[in-house]
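The structure file input_15.csv is reproduced below (CSV, C-alpha atoms).
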```csv
chain,number,residue,atom,x,y,z
A,10,MET,CA,-20.0,5.1,-22.7
A,11,MET,CA,-17.0,3.9,-20.6
A,12,VAL,CA,-15.1,5.8,-17.9
A,13,VAL,CA,-11.6,4.7,-17.0
A,14,MET,CA,-9.5,6.2,-14.2
A,15,GLY,CA,-5.8,6.2,-14.5
A,16,ILE,CA,-3.6,6.6,-11.5
A,17,ASP,CA,0.1,7.4,-11.2
A,18,PRO,CA,0.8,6.4,-7.6
A,19,GLY,CA,3.5,8.5,-5.9
A,20,VAL,CA,4.7,9.3,-2.4
A,21,ALA,CA,4.1,13.0,-2.2
A,22,SER,CA,2.0,13.4,-5.4
A,23,THR,CA,-0.4,10.9,-6.8
A,24,GLY,CA,-1.6,11.7,-10.4
A,25,PHE,CA,-5.1,10.9,-11.5
A,26,GLY,CA,-6.8,11.1,-14.9
A,27,VAL,CA,-10.3,10.2,-15.9
A,28,VAL,CA,-11.0,9.4,-19.5
A,29,ARG,CA,-14.4,8.8,-21.1
A,30,VAL,CA,-14.9,6.9,-24.3
A,31,THR,CA,-18.2,7.6,-26.0
A,32,GLY,CA,-19.0,6.4,-29.5
A,33,GLY,CA,-15.4,5.8,-30.4
A,34,LYS,CA,-14.4,9.3,-29.2
A,35,MET,CA,-12.1,9.7,-26.2
A,36,SER,CA,-12.2,12.7,-23.9
A,37,ALA,CA,-10.7,13.8,-20.6
A,38,VAL,CA,-13.2,14.2,-17.8
A,39,ASP,CA,-10.9,15.1,-15.0
A,40,GLY,CA,-7.2,15.1,-14.2
A,41,GLY,CA,-4.9,16.4,-11.6
A,42,VAL,CA,-2.7,15.6,-8.6
A,43,ILE,CA,-3.5,14.5,-5.1
A,44,GLU,CA,-1.0,16.3,-3.0
A,45,ALA,CA,0.1,14.7,0.2
A,46,PRO,CA,3.4,16.4,0.9
A,47,GLY,CA,4.2,16.3,4.6
A,48,GLY,CA,3.7,14.3,7.7
A,49,GLU,CA,3.9,10.7,8.5
A,50,PRO,CA,3.4,8.1,5.8
A,51,ALA,CA,0.2,6.9,7.5
A,52,GLU,CA,-1.3,10.5,7.4
A,53,ARG,CA,-0.3,10.8,3.7
A,54,LEU,CA,-2.0,7.5,2.9
A,55,VAL,CA,-5.1,8.5,4.7
A,56,ARG,CA,-5.3,11.7,2.6
A,57,ILE,CA,-4.7,9.8,-0.6
A,58,HIS,CA,-7.4,7.2,0.3
A,59,GLU,CA,-9.9,9.9,1.1
A,60,ALA,CA,-9.3,11.8,-2.1
A,61,LEU,CA,-9.4,8.6,-4.2
A,62,ALA,CA,-12.6,7.5,-2.5
A,63,GLU,CA,-14.2,10.8,-3.4
A,64,LEU,CA,-13.0,10.6,-7.1
A,65,LEU,CA,-14.2,7.0,-7.5
A,66,THR,CA,-17.6,8.0,-6.1
A,67,ARG,CA,-17.8,11.0,-8.4
A,68,HIS,CA,-16.7,9.4,-11.6
A,69,GLU,CA,-17.8,5.8,-11.2
A,70,PRO,CA,-15.1,4.3,-13.5
A,71,VAL,CA,-15.5,0.8,-14.8
A,72,ALA,CA,-11.8,0.2,-14.3
A,73,VAL,CA,-8.7,1.7,-12.6
A,74,ALA,CA,-5.5,1.5,-14.6
A,75,LEU,CA,-2.0,1.9,-13.1
A,76,GLU,CA,1.5,2.0,-14.5
A,77,ASP,CA,3.6,-0.9,-13.3
A,78,VAL,CA,6.4,0.8,-11.6
A,79,TYR,CA,8.7,-2.2,-11.4
A,80,PHE,CA,11.4,-0.9,-13.7
A,81,GLY,CA,14.0,1.5,-12.6
A,82,LYS,CA,13.1,1.8,-9.0
A,83,ASN,CA,15.3,0.9,-6.1
A,84,VAL,CA,14.0,-1.2,-3.2
A,85,ARG,CA,13.5,1.7,-0.8
A,86,SER,CA,11.4,3.8,-3.2
A,87,ALA,CA,9.6,0.6,-4.3
A,88,ILE,CA,8.4,0.1,-0.8
A,89,SER,CA,7.1,3.7,-0.6
A,90,VAL,CA,5.5,3.6,-4.0
A,91,GLY,CA,4.1,0.1,-3.1
A,92,GLN,CA,2.4,1.7,-0.1
A,93,SER,CA,0.6,4.2,-2.2
A,94,ARG,CA,-0.3,1.6,-4.8
A,95,GLY,CA,-1.7,-0.5,-2.0
A,96,VAL,CA,-4.1,2.3,-1.0
A,97,VAL,CA,-5.1,2.8,-4.6
A,98,LEU,CA,-5.9,-0.9,-5.1
A,99,LEU,CA,-7.7,-0.9,-1.8
A,100,ALA,CA,-9.9,2.1,-2.6
A,101,ALA,CA,-10.8,0.5,-5.9
A,102,GLY,CA,-11.3,-2.9,-4.4
A,103,GLN,CA,-13.6,-1.5,-1.7
A,104,ARG,CA,-15.9,-0.4,-4.5
A,105,GLY,CA,-15.5,-3.5,-6.6
A,106,VAL,CA,-13.7,-1.6,-9.4
A,107,PRO,CA,-11.2,-3.9,-11.1
A,108,CYS,CA,-7.6,-2.7,-11.4
A,109,PHE,CA,-5.2,-3.2,-14.4
A,110,ASP,CA,-1.4,-2.8,-14.5
A,111,TYR,CA,0.4,-1.7,-17.6
A,112,THR,CA,4.2,-1.5,-18.2
A,113,PRO,CA,5.6,1.9,-19.0
A,114,GLN,CA,6.4,0.4,-22.5
A,115,ALA,CA,2.8,-0.6,-23.1
A,116,VAL,CA,1.6,2.9,-22.0
A,117,LYS,CA,4.1,4.6,-24.4
A,118,MET,CA,3.2,2.2,-27.2
A,119,ALA,CA,-0.5,3.0,-26.7
A,120,VAL,CA,-0.1,6.7,-26.6
A,121,CYS,CA,2.9,7.4,-28.9
A,122,GLY,CA,3.1,4.3,-31.0
A,123,SER,CA,6.6,3.5,-29.6
A,124,GLY,CA,7.6,1.8,-26.4
A,125,SER,CA,10.6,4.0,-26.0
A,126,ALA,CA,8.9,7.4,-26.5
A,127,ALA,CA,10.2,10.3,-24.4
A,128,LYS,CA,8.3,11.8,-21.5
A,129,LYS,CA,7.6,15.1,-23.4
A,130,GLN,CA,6.2,13.1,-26.3
A,131,VAL,CA,3.8,11.2,-24.0
A,132,GLN,CA,2.6,14.5,-22.6
A,133,ARG,CA,2.0,16.0,-26.0
A,134,MET,CA,0.2,12.9,-27.3
A,135,VAL,CA,-2.0,12.8,-24.2
A,136,GLY,CA,-3.1,16.3,-25.1
A,137,THR,CA,-3.6,15.4,-28.7
A,138,LEU,CA,-5.6,12.2,-28.1
A,139,LEU,CA,-7.8,13.8,-25.5
A,140,GLY,CA,-8.3,17.0,-27.5
A,141,LEU,CA,-6.9,19.2,-24.9
A,142,PRO,CA,-6.0,22.8,-25.8
A,143,ARG,CA,-2.5,22.0,-24.5
A,144,PRO,CA,-0.7,19.0,-22.9
A,145,PRO,CA,-1.3,18.6,-19.1
A,146,GLU,CA,1.1,20.7,-17.1
A,147,SER,CA,1.7,18.1,-14.4
A,148,ASP,CA,3.8,15.0,-15.3
A,149,HIS,CA,1.8,13.0,-12.8
A,150,ALA,CA,-1.6,13.9,-14.3
A,151,ALA,CA,-0.2,13.3,-17.8
A,152,ASP,CA,1.1,9.8,-16.8
A,153,ALA,CA,-2.3,9.0,-15.2
A,154,LEU,CA,-4.2,10.1,-18.3
A,155,ALA,CA,-1.7,8.1,-20.4
A,156,VAL,CA,-2.4,4.9,-18.5
A,157,ALA,CA,-6.1,5.5,-18.7
A,158,ILE,CA,-5.8,5.9,-22.5
A,159,CYS,CA,-3.7,2.8,-22.6
A,160,HIS,CA,-6.4,0.8,-20.8
A,161,ALA,CA,-9.2,2.3,-22.9
A,162,GLY,CA,-7.3,1.4,-26.0
A,163,HIS,CA,-6.5,-2.1,-24.7
A,164,THR,CA,-10.2,-2.7,-24.1
A,165,ARG,CA,-11.5,-1.1,-27.3
A,166,PRO,CA,-8.6,-0.7,-29.7
A,167,ALA,CA,-10.7,-0.1,-32.8
A,168,GLN,CA,-12.7,2.8,-31.3
A,169,VAL,CA,-10.1,4.6,-29.3
A,170,PHE,CA,-7.5,5.5,-31.9
A,171,ASP,CA,-9.8,7.1,-34.4
A,172,ALA,CA,-8.5,10.4,-35.6
A,173,PRO,CA,-8.7,13.1,-33.0
A,174,GLU,CA,-11.1,15.9,-33.6
A,175,PRO,CA,-9.8,18.5,-36.1
A,176,GLU,CA,-9.8,21.5,-33.9
A,177,VAL,CA,-7.2,19.9,-31.5
A,178,ARG,CA,-4.0,21.8,-31.1
A,179,VAL,CA,-0.8,20.5,-29.8
A,180,GLY,CA,0.8,23.0,-27.4
B,4,MET,CA,-1.6,-0.3,30.9
B,5,MET,CA,-0.4,-0.1,27.3
B,6,VAL,CA,-1.4,-2.2,24.3
B,7,VAL,CA,0.9,-2.4,21.2
B,8,MET,CA,0.0,-4.1,18.0
B,9,GLY,CA,2.8,-5.6,15.9
B,10,ILE,CA,2.3,-6.3,12.2
B,11,ASP,CA,4.4,-8.4,9.8
B,12,PRO,CA,3.0,-7.3,6.5
B,13,GLY,CA,3.0,-9.9,3.8
B,14,VAL,CA,1.3,-10.6,0.5
B,15,ALA,CA,-0.6,-13.8,1.2
B,16,SER,CA,-0.2,-13.9,5.0
B,17,THR,CA,0.0,-10.9,7.3
B,18,GLY,CA,1.1,-11.7,10.9
B,19,PHE,CA,-0.3,-9.7,13.8
B,20,GLY,CA,0.5,-9.8,17.5
B,21,VAL,CA,-1.0,-7.8,20.3
B,22,VAL,CA,1.1,-7.2,23.5
B,23,ARG,CA,-0.1,-5.6,26.7
B,24,VAL,CA,2.2,-4.1,29.2
B,25,THR,CA,0.7,-3.8,32.7
B,26,GLY,CA,2.8,-2.7,35.7
B,27,GLY,CA,6.0,-3.8,34.1
B,28,LYS,CA,4.7,-7.1,33.0
B,29,MET,CA,4.3,-8.0,29.3
B,30,SER,CA,1.8,-10.4,28.0
B,31,ALA,CA,0.3,-11.6,24.7
B,32,VAL,CA,-3.3,-10.6,24.2
B,33,ASP,CA,-3.8,-11.9,20.7
B,34,GLY,CA,-1.8,-13.1,17.8
B,35,GLY,CA,-2.2,-14.9,14.5
B,36,VAL,CA,-2.2,-14.5,10.8
B,37,ILE,CA,-4.6,-12.8,8.4
B,38,GLU,CA,-4.7,-15.1,5.4
B,39,ALA,CA,-5.5,-13.6,2.1
B,40,PRO,CA,-4.2,-16.2,-0.3
B,41,GLY,CA,-5.9,-16.0,-3.6
B,42,GLY,CA,-7.5,-13.5,-6.0
B,43,GLU,CA,-6.5,-10.1,-7.3
B,44,PRO,CA,-4.2,-7.9,-5.2
B,45,ALA,CA,-7.0,-5.5,-4.6
B,46,GLU,CA,-9.2,-8.2,-3.2
B,47,ARG,CA,-6.5,-9.4,-0.9
B,48,LEU,CA,-5.8,-5.8,0.3
B,49,VAL,CA,-9.5,-5.4,1.0
B,50,ARG,CA,-9.5,-8.5,3.2
B,51,ILE,CA,-6.4,-7.4,5.0
B,52,HIS,CA,-7.9,-3.9,5.6
B,53,GLU,CA,-11.1,-5.3,7.0
B,54,ALA,CA,-9.4,-7.7,9.3
B,55,LEU,CA,-7.0,-5.0,10.6
B,56,ALA,CA,-9.8,-2.6,11.1
B,57,GLU,CA,-11.6,-5.2,13.2
B,58,LEU,CA,-8.4,-6.0,15.2
B,59,LEU,CA,-7.7,-2.3,15.8
B,60,THR,CA,-11.3,-1.7,17.0
B,61,ARG,CA,-11.1,-4.7,19.3
B,62,HIS,CA,-7.7,-4.1,20.9
B,63,GLU,CA,-7.4,-0.3,20.7
B,64,PRO,CA,-3.6,-0.3,20.7
B,65,VAL,CA,-1.7,3.0,21.4
B,66,ALA,CA,0.7,2.1,18.7
B,67,VAL,CA,1.3,-0.1,15.7
B,68,ALA,CA,4.8,-1.4,15.2
B,69,LEU,CA,6.1,-2.8,11.9
B,70,GLU,CA,9.4,-4.4,10.9
B,71,ASP,CA,11.2,-2.3,8.3
B,72,VAL,CA,11.4,-4.7,5.4
B,73,TYR,CA,14.0,-2.8,3.4
B,74,PHE,CA,16.8,-5.3,3.6
B,75,GLY,CA,17.0,-8.4,1.6
B,76,LYS,CA,14.0,-7.9,-0.6
B,77,ASN,CA,14.1,-7.5,-4.4
B,78,VAL,CA,12.2,-4.7,-6.1
B,79,ARG,CA,9.3,-6.8,-7.3
B,80,SER,CA,8.6,-8.2,-3.8
B,81,ALA,CA,9.2,-4.8,-2.3
B,82,ILE,CA,6.3,-3.4,-4.3
B,83,SER,CA,4.0,-6.2,-3.1
B,84,VAL,CA,5.0,-5.9,0.5
B,85,GLY,CA,4.8,-2.2,0.2
B,86,GLN,CA,1.2,-2.5,-1.0
B,87,SER,CA,0.3,-4.5,2.2
B,88,ARG,CA,2.3,-2.0,4.3
B,89,GLY,CA,0.3,0.8,2.8
B,90,VAL,CA,-3.0,-0.8,3.9
B,91,VAL,CA,-1.6,-1.4,7.4
B,92,LEU,CA,-0.5,2.2,7.7
B,93,LEU,CA,-3.8,3.4,6.3
B,94,ALA,CA,-5.9,1.3,8.7
B,95,ALA,CA,-3.9,2.7,11.7
B,96,GLY,CA,-3.9,6.2,10.3
B,97,GLN,CA,-7.7,6.2,9.8
B,98,ARG,CA,-8.0,5.6,13.6
B,99,GLY,CA,-5.2,8.1,14.5
B,100,VAL,CA,-3.0,5.2,15.8
B,101,PRO,CA,0.7,6.1,15.3
B,102,CYS,CA,2.9,3.7,13.4
B,103,PHE,CA,6.6,2.9,14.2
B,104,ASP,CA,9.1,1.1,12.0
B,105,TYR,CA,12.0,-1.0,13.4
B,106,THR,CA,14.8,-2.7,11.5
B,107,PRO,CA,15.1,-6.5,11.8
B,108,GLN,CA,18.3,-5.9,13.7
B,109,ALA,CA,16.5,-3.7,16.3
B,110,VAL,CA,13.8,-6.3,16.7
B,111,LYS,CA,16.3,-9.1,17.2
B,112,MET,CA,18.3,-7.0,19.6
B,113,ALA,CA,15.2,-6.2,21.7
B,114,VAL,CA,14.0,-9.8,21.8
B,115,CYS,CA,17.2,-11.9,21.8
B,116,GLY,CA,19.9,-9.4,22.8
B,117,SER,CA,21.7,-9.8,19.5
B,118,GLY,CA,21.1,-8.1,16.2
B,119,SER,CA,22.1,-11.2,14.3
B,120,ALA,CA,19.9,-13.8,16.2
B,121,ALA,CA,18.5,-16.6,14.2
B,122,LYS,CA,14.8,-16.9,13.3
B,123,LYS,CA,14.2,-19.9,15.6
B,124,GLN,CA,15.9,-18.0,18.5
B,125,VAL,CA,13.5,-15.1,17.9
B,126,GLN,CA,10.5,-17.4,18.0
B,127,ARG,CA,11.7,-19.1,21.2
B,128,MET,CA,12.3,-15.7,23.0
B,129,VAL,CA,8.9,-14.4,21.9
B,130,GLY,CA,7.5,-17.4,23.7
B,131,THR,CA,9.7,-16.8,26.7
B,132,LEU,CA,9.2,-13.1,27.1
B,133,LEU,CA,5.4,-13.4,26.7
B,134,GLY,CA,5.2,-16.4,29.0
B,135,LEU,CA,3.6,-18.6,26.3
B,136,PRO,CA,3.5,-22.4,26.9
B,137,ARG,CA,5.4,-22.8,23.6
B,138,PRO,CA,6.7,-20.5,20.9
B,139,PRO,CA,4.1,-19.2,18.4
B,140,GLU,CA,3.7,-21.8,15.6
B,141,SER,CA,3.4,-19.2,12.8
B,142,ASP,CA,6.6,-17.3,11.8
B,143,HIS,CA,4.4,-14.4,10.8
B,144,ALA,CA,2.7,-14.2,14.2
B,145,ALA,CA,6.0,-14.6,16.0
B,146,ASP,CA,7.6,-11.8,13.9
B,147,ALA,CA,4.5,-9.6,14.6
B,148,LEU,CA,4.8,-10.3,18.4
B,149,ALA,CA,8.5,-9.6,18.2
B,150,VAL,CA,8.1,-6.2,16.7
B,151,ALA,CA,5.4,-5.4,19.3
B,152,ILE,CA,7.8,-6.4,22.0
B,153,CYS,CA,10.5,-4.3,20.4
B,154,HIS,CA,8.2,-1.2,20.4
B,155,ALA,CA,7.0,-1.8,24.0
B,156,GLY,CA,10.6,-2.2,25.1
B,157,HIS,CA,11.7,0.8,23.1
B,158,THR,CA,9.0,2.9,24.9
B,159,ARG,CA,9.4,1.5,28.4
B,160,PRO,CA,12.7,-0.4,28.5
B,161,ALA,CA,12.9,-0.7,32.3
B,162,GLN,CA,9.4,-2.3,32.7
B,163,VAL,CA,9.1,-4.6,29.7
B,164,PHE,CA,11.6,-7.3,30.4
B,165,ASP,CA,10.4,-8.3,33.9
B,166,ALA,CA,9.3,-11.9,34.2
B,167,PRO,CA,6.3,-12.7,32.1
B,168,GLU,CA,3.1,-14.1,33.4
B,169,PRO,CA,3.1,-17.9,33.2
B,170,GLU,CA,-0.4,-18.7,32.1
B,171,VAL,CA,-0.7,-16.7,28.9
B,172,ARG,CA,-1.4,-18.3,25.6
B,173,VAL,CA,-1.6,-17.0,22.0
B,174,GLY,CA,-4.7,-18.2,20.2
```

Could you rewrite the structure in this file as structure tokens?
Amino acid sequence: MMVVMGIDPGVASTGFGVVRVTGGKMSAVDGGVIEAPGGEPAERLVRIHEALAELLTRHEPVAVALEDVYFGKNVRSAISVGQSRGVVLLAAGQRGVPCFDYTPQAVKMAVCGSGSAAKKQVQRMVGTLLGLPRPPESDHAADALAVAICHAGHTRPAQVFDAPEPEVRVG
Amino acid sequence: MMVVMGIDPGVASTGFGVVRVTGGKMSAVDGGVIEAPGGEPAERLVRIHEALAELLTRHEPVAVALEDVYFGKNVRSAISVGQSRGVVLLAAGQRGVPCFDYTPQAVKMAVCGSGSAAKKQVQRMVGTLLGLPRPPESDHAADALAVAICHAGHTRPAQVFDAPEPEVRVG
């Protein structure tokens, strides 16, 4: 059994997704969004750090996976996203949980079989691969689950991409 | 009496400088560099966070001042510097210490009287304003002291630029 936490670090909203791999089957354990909308950056980062600390303690993942946000960001937003990423890496590092970066292309490839898949397609496939009754509603949660799937597949490629369970529906 | 901590967030080296303003006199209390050269980003961020937490506890500043690093950085380095900034903001935020950003121009203006002053000039004036026997050797420590001076001056302009005490040294 292996638990991987994916994080989509953002400024106001940080997506998280926790995926468990057991005997070659992948399932979603938790997923959602840490909302830190208002206030000073420092206050937002404190809220994100607290929420992450709580999630890491609850789920005890063996790894934290993040999407590498290098591409398509300007310098101003890169600084802001970098600040959130720093707090994510710190929270994991404080517990000795290793962190892994994946490019958006690698995540799409792992989840959809194409590095140029559309966002909607990623959301649908996250739902399919994890056997969810419908795709995650939040983009951030879907992206976090996708990068967790990517890491889980990267680590155990033969097990992860077995056929999803037959009762799975695509919303 | 007012204590201000300036931080120059970097990837391998994070400068810090602690300035005290007492009765219109400004002096350096502490200054140096947090070195976090090797290892994974998460490990580096943990080291930076621990060192900052210790400095904040020791000096109890009323404010943390940072130079806004927006200008002249590319996106890749902006992410890395943003990660360090995030940990600085978090450490301050966890203690309820407010953070303030200043542009490089504002810092140079406060320290040298010109927004386009050269780096060497900033280093010299940091030494002069704080009454140091010589300018700080580390660029990072000098930049951190400069932004602390800038914040102290911004807050109490009339008091800050009186003659510095002659005997002060930065360790």

Please return, as JSON, numbers by chain, all residues of chain B lying within 9 Å of chain A when all atoms listed in the file are considered. {"B": [43, 44, 45, 46, 47, 48, 49, 52, 72, 73, 74, 76, 77, 78, 79, 80, 81, 82, 83, 84, 85, 86, 87, 88, 89, 90, 91, 92, 93, 94, 95, 96, 97, 99, 101, 102]}

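In this comparison, chain B was overlaid on chain A using all C-alpha atoms paired by position, and the resulting RMSD is 2.1 Å.
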
Atom CA of A:Val13 sits from atom CA of A:Glu44 at a separation of 21.0 Å

Find the distance between atom CA of B:Ala39 and atom CA of B:Leu148 and write it in Å to one decimal. 19.6 Å

Distance in Å - atom CA of A:Ala157 versus atom CA of B:Val14: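 Atom CA of B:Val14 lies 26.1 Å from atom CA of A:Ala157.
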
Exercise: A:Pro144 partners within 6 Å, all atoms listed in the file, chain neighbours under 2 positions left out, as a PDB file with C-alpha atoms, keeping the file's coordinate frame:
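The resulting file, part-v5.pdb, is reproduced below:
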```pdb
ATOM      1  CA  GLN A 132       2.600  14.500 -22.600  1.00  0.00           C
ATOM      2  CA  ARG A 133       2.000  16.000 -26.000  1.00  0.00           C
ATOM      3  CA  GLY A 136      -3.100  16.300 -25.100  1.00  0.00           C
TER       4      GLY A 136
END
```

Proximity to B:Pro40 - best of B:Thr131, B:Gln124, B:Thr106, B:Ser16, all atoms listed in the file: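 Smallest separation from B:Pro40 among the options: B:Ser16.
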
Extract, using all atoms listed in the file, all DNA, RNA and protein residues at most 12 Å from B:Arg61, discarding same-chain residues fewer than 6 positions from it, and format them as a JSON list (two decimals) with C-alpha atoms, in the frame of the given file.
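The resulting file, part_10.json, is shown below:
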```
[["chain", "number", "residue", "atom", "x", "y", "z"],
["B", 6, "VAL", "CA", -1.40, -2.20, 24.30],
["B", 8, "MET", "CA", 0.00, -4.10, 18.00],
["B", 21, "VAL", "CA", -1.00, -7.80, 20.30],
["B", 32, "VAL", "CA", -3.30, -10.60, 24.20],
["B", 33, "ASP", "CA", -3.80, -11.90, 20.70],
["B", 54, "ALA", "CA", -9.40, -7.70, 9.30],
["B", 55, "LEU", "CA", -7.00, -5.00, 10.60]]
```
